[in-house]
Structures are given as C-alpha cells and as structure tokens.
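For reference, the structure is listed below as structure tokens.
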Amino acid sequence: MGVLLEEVVTFPPPLEPVWGGFQKLSLLDYPAKVASVLFVRGCNFRCPFCYNTELVGGPPEKELPWKEILGYLKKRKEWLDGVVITGGEPTLYSGLPGYLRELKGMGLSVKLDTNGSNPDMLGELLREGLVDYVAMDVKAPLREEAYARAAGVKVRLEDVRRSLSLLLSSGVEYELRTTVVPTLLGEKDLLEIAEEIRGARRYYLQQFRRTSTHVDERFSQIHPYPREFLEEVARRISGCFGKCGVRG
C-alpha cells in the first residue's frame, strides 16, 4: 500500500500546550500507577495508522482550560499516583516545562509519551527532573524511506537517534515501543529495529488496532497480524532488551 506522504506539516504550535482531552482515571497508561491522562492537540507526524485524528491537527477554537484540569487534580491527588502527558506530540510546545513543574509540585509523577522528534525539549525535561517515565515510539527501522512511510512525513532521523541516546543514557524509567502495522512493517523490519535499539531496558511490540478513524482511511481495511506472530518475534529479540513483550 502506498502511503500518502506529506512533505511538511504546516501546523505552527503555540508556546502553550493546547489541551484537547482529559481522561480522569486510567489503570493502563502509566505502568503500576493510577493516573489521569492529558492529551495535547497538534502533532508534527501524520502516521497513516494513527486513530487519534482529532488530536493530530492544529488547535481548535475551544480547548480544555488548564485551571479546571488542575483543580480536578488537586482535589483527587491523594487518590492519584501520576499524570500521563500524551497527544498529539507534547514536546512541540515550548511552554510544556512550566505545566510539568506544577504537576510535580503537587507530588504527582509524570509520564511523557513522545515520538522522539524534539530531543532538545526531551533533554530539558530530563535534566530538570520533570518526567519520571518516558514512552517513546520507534516507528520503523532508522532509514529515511521506511521512517517516512510510517510517520507520514519526512523525519530528521538524527533527532530520533538523539532522543534514543538521551533515554538509554538517562536514569529515568522509560520504554520504547513499535506499533506493528501490516504493509508498513514485517518481521525483517522488526529484527532491524531490535538491533538498532539493542540494550534498551524495555521494548514492546504493540498490536495494530483497526478503527474507522485512521489518518489514512485505507488503514481501516487492514487486518492486524496474528498475536502469535508478534509473540514469536518478541521471543526472538528478547535477548536484546531488559524486558520485551507484546501489547494489545
């Protein structure tokens, strides 16, 4: 399947995050923690298999007020362990650190989901201790054509590599993960990724989820790989990582 590749993404992120969603309680998004999940709008990737289409584009006319979000978290902080910041792509926003300082000041742990395209921001968050757990997507083997097909745009792979290096050398808890999408990734690609990120503490193969809301609607017709396929690949590459598993 040919992927509709965009040359550039024109969405200009503002200074402050635009909050496009708030899940008050999750037992799944932050490993071993009870958490709330905050979604930012806007992403510099156009992954054709992404199903969060409402979060990919630029800011809407209305957004969730930060004061309301913060008010809820303050009232419930004794019942919460942490907050997940996801999107969209949170690191696009230069004002993100200020919001994380507020969350950390409340005694909440912070998990960040990122595509690894902004190592400068990731490095700042790590140095200041504003994130306690980072989940970074590795979309494809670190080759320009393969990564562009999975991301839907041309990607600066040196930025992705820098983000990987920051995580692997940091003291923060982290995981790397790849959504295994038929037509984009096969067994050979997954073995190649495993060699490129060998030594990571945690790596997960995520099952592709077919929906009716993919960025590229043609992906709603694609059937996921059998789980047994992912489990066999995970078994073969498990020696490259501290922990390796399958999700979904």
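If you're wondering about the labels, chains in the structure tokens are A, B, ... by order shown, residues count from 1 in each chain, ligands from 1 in order shown.
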Which residues, written as a short mmCIF file (atom, residue, chain, number, x, y, z; two decimals) with N, CA and C atoms, in the first residue's frame, have at least one atom at most 10 Å from Arg162 (chain A), with only C-alpha atoms counted and residues fewer than 5 positions away on the same chain left out?
data_model
loop_
_atom_site.label_atom_id
_atom_site.label_comp_id
_atom_site.auth_asym_id
_atom_site.auth_seq_id
_atom_site.Cartn_x
_atom_site.Cartn_y
_atom_site.Cartn_z
N GLY A 116 9.75 11.33 19.86
CA GLY A 116 11.20 11.47 19.85
C GLY A 116 11.74 12.47 18.85
N SER A 117 10.89 13.32 18.31
CA SER A 117 11.33 14.23 17.26
C SER A 117 11.91 15.54 17.79
N ASN A 118 11.83 15.76 19.11
CA ASN A 118 12.34 17.01 19.69
C ASN A 118 13.29 16.70 20.84
N PRO A 119 14.51 16.27 20.53
CA PRO A 119 15.45 15.91 21.60
C PRO A 119 15.85 17.07 22.48
N ASP A 120 15.79 18.30 21.96
CA ASP A 120 16.12 19.45 22.80
C ASP A 120 15.14 19.56 23.96
N LEU A 122 13.13 17.14 25.08
CA LEU A 122 13.25 15.94 25.90
C LEU A 122 14.45 16.06 26.84
N GLY A 123 15.56 16.54 26.33
CA GLY A 123 16.74 16.72 27.16
C GLY A 123 16.49 17.69 28.30
N LEU A 157 16.03 11.93 11.14
CA LEU A 157 16.39 10.75 11.92
C LEU A 157 17.47 11.04 12.94
N LEU A 167 17.55 8.80 26.27
CA LEU A 167 16.83 7.87 27.13
C LEU A 167 17.71 6.73 27.59
N LEU A 168 18.46 6.15 26.67
CA LEU A 168 19.28 5.00 27.03
C LEU A 168 20.37 5.35 28.03
#
Exercise for the section: Quick one: everything within 10 Å of Leu190 (chain A), counting only C-alpha atoms, minus sequence neighbours fewer than 3 positions away in the same chain. Send it as a list in words. Expected result: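 Returned residues: Ala140, Pro141, Thr178, Val180, Leu185, Gly186, Glu187, Ile193, Ala194, Glu195, Glu196, Leu205, Leu230, Val233, Ala234 and Ile237 of chain A.
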For the contact check between region 6-52 of chain A and region 79-84 of chain A, emit one row per residue of region 6-52 of chain A within 9 Å, containing the shortest atom pair and the distance in Å rounded to one decimal, counting only C-alpha atoms, chain then rising number order, as a Markdown table.
| residue | atom | partner | partner_atom | distance |
| --- | --- | --- | --- | --- |
| A:Leu25 | CA | A:Leu80 | CA | 8.3 |
| A:Asp29 | CA | A:Val84 | CA | 7.1 |
| A:Tyr30 | CA | A:Val84 | CA | 6.7 |
| A:Lys33 | CA | A:Asp81 | CA | 5.6 |
| A:Val34 | CA | A:Asp81 | CA | 5.2 |
| A:Ala35 | CA | A:Gly82 | CA | 4.7 |
| A:Ser36 | CA | A:Val83 | CA | 4.9 |
| A:Val37 | CA | A:Val84 | CA | 4.6 |
| A:Leu38 | CA | A:Val84 | CA | 6.0 |
| A:Phe39 | CA | A:Val84 | CA | 8.4 |
Prev. selection, C-alpha atoms, output as a compact mmCIF listing (two decimals), in the first residue's frame:
# COMPACT_ATOMS: atom_id res chain seq x y z
CA LEU A 25 -8.71 7.84 35.57
CA ASP A 29 -1.47 4.13 30.63
CA TYR A 30 1.14 4.50 33.39
CA LYS A 33 0.21 3.59 38.74
CA VAL A 34 -3.24 5.09 38.98
CA ALA A 35 -3.14 8.10 36.67
CA SER A 36 -5.02 10.79 34.83
CA VAL A 37 -4.25 11.26 31.13
CA LEU A 38 -3.88 14.66 29.45
CA PHE A 39 -3.96 14.92 25.65
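The two atoms in question, CA of Gly105 (chain A) and CA of Glu78 (chain A), are spaced 13.5 Å apart.
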Completion exercise
Among A:Leu126, A:Val138, A:Gln207, A:Pro48, Glu192 (chain A) is approached most closely, using only C-alpha atoms, by A:Val138
Name the residues in contact with region 66-72 of chain A at a cut-off of 8 Å, using only C-alpha atoms, excluding same-chain residues fewer than 3 positions from it; report them as an mmCIF file with N, CA and C atoms, in the first residue's frame.
data_model
loop_
_atom_site.group_PDB
_atom_site.id
_atom_site.type_symbol
_atom_site.label_atom_id
_atom_site.label_comp_id
_atom_site.auth_asym_id
_atom_site.auth_seq_id
_atom_site.Cartn_x
_atom_site.Cartn_y
_atom_site.Cartn_z
ATOM 1 N N TRP A 19 -4.803 21.808 25.367
ATOM 2 C CA TRP A 19 -5.307 20.552 25.938
ATOM 3 C C TRP A 19 -6.585 20.148 25.227
ATOM 4 N N PHE A 22 -8.998 14.946 28.321
ATOM 5 C CA PHE A 22 -8.648 14.688 29.713
ATOM 6 C C PHE A 22 -9.368 13.431 30.167
ATOM 7 N N LYS A 75 -7.914 18.196 43.783
ATOM 8 C CA LYS A 75 -8.924 17.563 44.625
ATOM 9 C C LYS A 75 -8.717 16.049 44.727
ATOM 10 N N ARG A 76 -8.134 15.457 43.689
ATOM 11 C CA ARG A 76 -8.020 13.998 43.645
ATOM 12 C C ARG A 76 -6.585 13.496 43.842
#
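When the distance limit is 6 Å and only C-alpha atoms are what count, the residues near Ala135 (chain A), minus those fewer than 5 positions from it on the same chain, are Asp113, Tyr174, Glu175 and Leu176 of chain A.
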Handout entry: From A:Val134, A:Cys47, A:Leu100, A:Leu73, residue lying nearest Ala148 (chain A) [only C-alpha atoms]
Key =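 The answer is A:Cys47, which sits nearest to Ala148 (chain A).
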Problem - Distance criterion (only C-alpha atoms): nearest to Pro31 (chain A) out of A:Glu124, A:Asp159, A:Glu173, A:Pro17 - result: A:Glu173
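Computed from the coordinates, the CA of Lys74 (chain A) to CA of Lys24 (chain A) distance equals 12.1 Å.
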Problem - Selected residue, from A:Val40, A:Glu54, A:Gly152, A:Asn115, that lies nearest to Thr86 (chain A) when counting only C-alpha atoms - result: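 That would be A:Val40, the residue with the smallest distance to Thr86 (chain A).
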